[in-house]
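Structure file structure-v7.cif (mmCIF, C-alpha atoms, pLDDT in the B column; chains and numbers go by the auth columns) follows.
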```
data_final
loop_
_atom_site.group_PDB
_atom_site.id
_atom_site.type_symbol
_atom_site.label_atom_id
_atom_site.label_comp_id
_atom_site.label_asym_id
_atom_site.label_seq_id
_atom_site.Cartn_x
_atom_site.Cartn_y
_atom_site.Cartn_z
_atom_site.B_iso_or_equiv
_atom_site.auth_seq_id
_atom_site.auth_asym_id
ATOM 1 C CA ASP A 1 167.243 219.572 194.517 78.00 8 A
ATOM 2 C CA GLY A 2 166.245 218.996 198.169 83.00 9 A
ATOM 3 C CA LYS A 3 165.038 222.576 198.719 89.00 10 A
ATOM 4 C CA ALA A 4 161.708 223.077 200.476 89.00 11 A
ATOM 5 C CA ARG A 5 158.951 224.512 198.274 92.00 12 A
ATOM 6 C CA ALA A 6 155.531 225.755 199.323 93.00 13 A
ATOM 7 C CA ILE A 7 152.542 223.568 198.464 91.00 14 A
ATOM 8 C CA ALA A 8 148.819 224.285 198.482 87.00 15 A
ATOM 9 C CA GLY A 9 145.783 222.063 198.864 84.00 16 A
ATOM 10 C CA SER A 10 147.002 219.978 201.793 81.00 17 A
ATOM 11 C CA SER A 11 145.558 220.416 205.254 78.00 18 A
ATOM 12 C CA GLU A 12 148.624 218.799 206.812 82.00 19 A
ATOM 13 C CA ALA A 13 151.753 219.930 204.941 87.00 20 A
ATOM 14 C CA ASP A 14 152.685 223.386 203.729 91.00 21 A
ATOM 15 C CA ALA A 15 156.073 222.586 202.159 95.00 22 A
ATOM 16 C CA ILE A 16 157.812 219.711 200.400 94.00 23 A
ATOM 17 C CA ALA A 17 161.450 219.050 199.561 95.00 24 A
ATOM 18 C CA LEU A 18 162.056 216.573 196.724 95.00 25 A
ATOM 19 C CA GLU A 19 165.355 214.892 196.001 96.00 26 A
ATOM 20 C CA LYS A 20 166.521 212.345 193.436 96.00 27 A
ATOM 21 C CA VAL A 21 168.610 209.714 195.220 96.00 28 A
ATOM 22 C CA ASP A 22 169.523 207.771 192.090 96.00 29 A
ATOM 23 C CA ASP A 23 167.930 206.752 188.763 97.00 30 A
ATOM 24 C CA TYR A 24 165.463 204.485 190.590 98.00 31 A
ATOM 25 C CA THR A 25 164.832 206.260 193.901 98.00 32 A
ATOM 26 C CA SER A 26 163.406 209.591 195.024 97.00 33 A
ATOM 27 C CA GLU A 27 162.635 211.000 198.441 97.00 34 A
ATOM 28 C CA ALA A 28 160.289 213.703 199.667 96.00 35 A
ATOM 29 C CA VAL A 29 160.262 215.453 203.036 95.00 36 A
ATOM 30 C CA LEU A 30 156.953 217.012 204.070 93.00 37 A
ATOM 31 C CA LYS A 31 156.895 219.946 206.483 93.00 38 A
ATOM 32 C CA HIS A 32 154.343 221.990 208.389 89.00 39 A
ATOM 33 C CA ALA A 33 155.347 225.285 210.016 89.00 40 A
ATOM 34 C CA GLY A 34 159.013 224.364 209.496 89.00 41 A
ATOM 35 C CA LYS A 35 158.697 221.008 211.291 90.00 42 A
ATOM 36 C CA ILE A 36 159.206 217.702 209.449 92.00 43 A
ATOM 37 C CA ILE A 37 155.966 215.746 209.562 91.00 44 A
ATOM 38 C CA GLY A 38 156.762 212.955 207.107 94.00 45 A
ATOM 39 C CA ARG A 39 159.169 211.268 204.720 96.00 46 A
ATOM 40 C CA ASN A 40 158.185 209.519 201.518 96.00 47 A
ATOM 41 C CA ARG A 41 160.461 207.241 199.459 98.00 48 A
ATOM 42 C CA ARG A 42 159.714 205.832 195.990 98.00 49 A
ATOM 43 C CA GLU A 43 161.806 203.011 194.638 98.00 50 A
ATOM 44 C CA VAL A 44 161.385 201.464 191.194 98.00 51 A
ATOM 45 C CA ALA A 45 162.919 198.024 190.742 97.00 52 A
ATOM 46 C CA ARG A 46 165.774 197.939 188.231 96.00 53 A
ATOM 47 C CA ASP A 47 163.702 195.672 185.977 96.00 54 A
ATOM 48 C CA GLY A 48 160.886 198.257 186.041 95.00 55 A
ATOM 49 C CA LYS A 49 158.276 195.712 187.147 97.00 56 A
ATOM 50 C CA THR A 50 157.556 196.995 190.666 98.00 57 A
ATOM 51 C CA MET A 51 157.491 200.268 192.542 98.00 58 A
ATOM 52 C CA THR A 52 157.577 200.468 196.330 98.00 59 A
ATOM 53 C CA ILE A 53 156.404 203.592 198.154 98.00 60 A
ATOM 54 C CA THR A 54 157.076 203.945 201.861 98.00 61 A
ATOM 55 C CA TYR A 55 155.858 206.733 204.126 96.00 62 A
ATOM 56 C CA GLU A 56 156.778 207.474 207.711 97.00 63 A
ATOM 57 C CA GLY A 57 155.390 210.471 209.496 94.00 64 A
ATOM 58 C CA LEU A 58 152.662 211.881 211.667 86.00 65 A
ATOM 59 C CA ASP A 59 148.920 212.094 211.130 81.00 66 A
ATOM 60 C CA TYR A 60 146.874 215.211 211.839 77.00 67 A
ATOM 61 C CA GLN A 61 146.819 214.319 215.568 84.00 68 A
ATOM 62 C CA SER A 62 150.621 213.839 215.667 83.00 69 A
ATOM 63 C CA ARG A 63 150.321 210.046 215.908 92.00 70 A
ATOM 64 C CA PRO A 64 153.011 208.033 214.083 95.00 71 A
ATOM 65 C CA ILE A 65 152.130 206.513 210.708 94.00 72 A
ATOM 66 C CA ARG A 66 154.030 203.911 208.669 96.00 73 A
ATOM 67 C CA ASN A 67 152.717 202.867 205.276 96.00 74 A
ATOM 68 C CA LYS A 68 154.207 200.696 202.571 98.00 75 A
ATOM 69 C CA ALA A 69 152.642 200.053 199.180 98.00 76 A
ATOM 70 C CA VAL A 70 153.999 197.830 196.420 98.00 77 A
ATOM 71 C CA TYR A 71 152.750 198.227 192.854 98.00 78 A
ATOM 72 C CA GLU A 72 153.320 195.667 190.107 97.00 79 A
ATOM 73 C CA ARG A 73 153.267 196.486 186.425 93.00 80 A
ATOM 74 C CA GLN A 74 150.563 194.550 184.577 90.00 81 A
#
```
Using structure tokens, write down the structure that the file contains.
Amino acid sequence: DGKARAIAGSSEADAIALEKVDDYTSEAVLKHAGKIIGRNRREVARDGKTMTITYEGLDYQSRPIRNKAVYERQ
């Protein structure tokens, strides 16, 4: 629903807002003390054979991070 919810167990984020973009895509916004520290996007291919997860944000020292992982169904 895109509303921020409190999370526990993370040393970096204290809230997350999840949103369904479409049947194949979801996004999450991570926050700490009200400030956006990262965005995560999950996309499943329409054929269901791969999932791509991208993350852009900041590490614990406020340095930029960009990660992309692609998973293939076996």
What does the PyMOL selection byres ((chain A and resi 10) around 10) select in this file, as a PyMOL selection string? chain A and resi 8-9+11-12+22-26+36
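Excluding A:Asp21 and any residue on its chain fewer than 2 positions from it, the residues at most 12 Å away by all atoms listed in the file are A:Ala11, A:Arg12, A:Ala13, A:Ile14, A:Ala15, A:Gly16, A:Ser17, A:Ser18, A:Glu19, A:Ile23, A:Ala24, A:Val36, A:Leu37, A:Lys38, A:His39, A:Ala40, A:Gly41, A:Lys42, A:Ile43, A:Ile44, A:Gly45.
With atom CA of A:Leu65 on one side and atom CA of A:Ala20 on the other, the separation reads 10.5 Å.
Once the PyMOL selection byres ((chain A and resi 47) around 7) is applied to the depicted file, the selected set reads Glu34, Ala35, Val36, Gly45, Arg46, Arg48, Arg49, Thr61, Tyr62 and Glu63 of chain A.
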Select, from A:Lys27, A:Ser33, A:Val77, A:Pro71, the residue with the minimum atom-to-atom distance to A:Lys56, counting only C-alpha atoms. A:Val77
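Using the PyMOL selection byres ((chain A and resi 75) around 6) on the file at hand returns these residues: A:Ile60, A:Thr61, A:Asn74, A:Ala76.
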Coordinates of box centre and edge lengths for stretch 10-24 of chain A, 3 Å on every side, axis-aligned, as lines of an AutoDock Vina configuration file:
```
center_x = 155.3
center_y = 222.3
center_z = 202.5
size_x = 25.5
size_y = 13.0
size_z = 14.5
```
Interatomic distance, atom CA of A:Asp29 to atom CA of A:Tyr78 (Å, one decimal): 19.3 Å
Separation of atom CA of A:Asp30 from atom CA of A:Thr57, in Å and rounded to one decimal: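 Separating atom CA of A:Asp30 from atom CA of A:Thr57 is a distance of 14.4 Å.
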Would you please work out which residue, of A:Met58, A:Arg53, A:Tyr67, A:Tyr31, is nearest to A:Arg80 when using all atoms listed in the file?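 Nearest candidate to A:Arg80 out of A:Met58, A:Arg53, A:Tyr67, A:Tyr31: A:Met58.
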Would you fill out stretch 25-40 of chain A with N, CA and C atoms and return it as a PDB file, in the coordinates of the input?
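The result, stored in rebuild29.pdb:
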```pdb
ATOM      1  N   LEU A  25     161.881 217.770 197.535  1.00 95.00           N
ATOM      2  CA  LEU A  25     162.056 216.573 196.724  1.00 95.00           C
ATOM      3  C   LEU A  25     163.521 216.405 196.356  1.00 95.00           C
ATOM      4  N   GLU A  26     163.967 215.154 196.347  1.00 96.00           N
ATOM      5  CA  GLU A  26     165.355 214.892 196.001  1.00 96.00           C
ATOM      6  C   GLU A  26     165.466 213.568 195.258  1.00 96.00           C
ATOM      7  N   LYS A  27     166.216 213.571 194.179  1.00 96.00           N
ATOM      8  CA  LYS A  27     166.521 212.345 193.436  1.00 96.00           C
ATOM      9  C   LYS A  27     167.718 211.691 194.110  1.00 96.00           C
ATOM     10  N   VAL A  28     167.536 210.447 194.569  1.00 96.00           N
ATOM     11  CA  VAL A  28     168.610 209.714 195.220  1.00 96.00           C
ATOM     12  C   VAL A  28     169.487 209.055 194.162  1.00 96.00           C
ATOM     13  N   ASP A  29     168.835 208.378 193.230  1.00 96.00           N
ATOM     14  CA  ASP A  29     169.523 207.771 192.090  1.00 96.00           C
ATOM     15  C   ASP A  29     168.502 207.608 190.974  1.00 96.00           C
ATOM     16  N   ASP A  30     168.840 206.897 189.902  1.00 97.00           N
ATOM     17  CA  ASP A  30     167.930 206.752 188.763  1.00 97.00           C
ATOM     18  C   ASP A  30     166.646 206.005 189.101  1.00 97.00           C
ATOM     19  N   TYR A  31     166.603 205.311 190.225  1.00 98.00           N
ATOM     20  CA  TYR A  31     165.463 204.485 190.590  1.00 98.00           C
ATOM     21  C   TYR A  31     164.760 204.923 191.884  1.00 98.00           C
ATOM     22  N   THR A  32     165.322 205.902 192.580  1.00 98.00           N
ATOM     23  CA  THR A  32     164.832 206.260 193.901  1.00 98.00           C
ATOM     24  C   THR A  32     164.689 207.773 194.053  1.00 98.00           C
ATOM     25  N   SER A  33     163.579 208.182 194.662  1.00 97.00           N
ATOM     26  CA  SER A  33     163.406 209.591 195.024  1.00 97.00           C
ATOM     27  C   SER A  33     162.850 209.666 196.436  1.00 97.00           C
ATOM     28  N   GLU A  34     163.122 210.785 197.087  1.00 97.00           N
ATOM     29  CA  GLU A  34     162.635 211.000 198.441  1.00 97.00           C
ATOM     30  C   GLU A  34     161.972 212.365 198.535  1.00 97.00           C
ATOM     31  N   ALA A  35     160.975 212.444 199.404  1.00 96.00           N
ATOM     32  CA  ALA A  35     160.289 213.703 199.667  1.00 96.00           C
ATOM     33  C   ALA A  35     160.186 213.882 201.178  1.00 96.00           C
ATOM     34  N   VAL A  36     160.424 215.104 201.625  1.00 95.00           N
ATOM     35  CA  VAL A  36     160.262 215.453 203.036  1.00 95.00           C
ATOM     36  C   VAL A  36     159.120 216.455 203.106  1.00 95.00           C
ATOM     37  N   LEU A  37     158.110 216.131 203.892  1.00 93.00           N
ATOM     38  CA  LEU A  37     156.953 217.012 204.070  1.00 93.00           C
ATOM     39  C   LEU A  37     157.105 217.790 205.369  1.00 93.00           C
ATOM     40  N   LYS A  38     156.764 219.086 205.307  1.00 93.00           N
ATOM     41  CA  LYS A  38     156.895 219.946 206.483  1.00 93.00           C
ATOM     42  C   LYS A  38     155.614 220.730 206.729  1.00 93.00           C
ATOM     43  N   HIS A  39     155.423 221.077 207.988  1.00 89.00           N
ATOM     44  CA  HIS A  39     154.343 221.990 208.389  1.00 89.00           C
ATOM     45  C   HIS A  39     154.921 222.946 209.414  1.00 89.00           C
ATOM     46  N   ALA A  40     154.810 224.236 209.134  1.00 89.00           N
ATOM     47  CA  ALA A  40     155.347 225.285 210.016  1.00 89.00           C
ATOM     48  C   ALA A  40     156.825 225.042 210.334  1.00 89.00           C
TER      49      ALA A  40
END
```
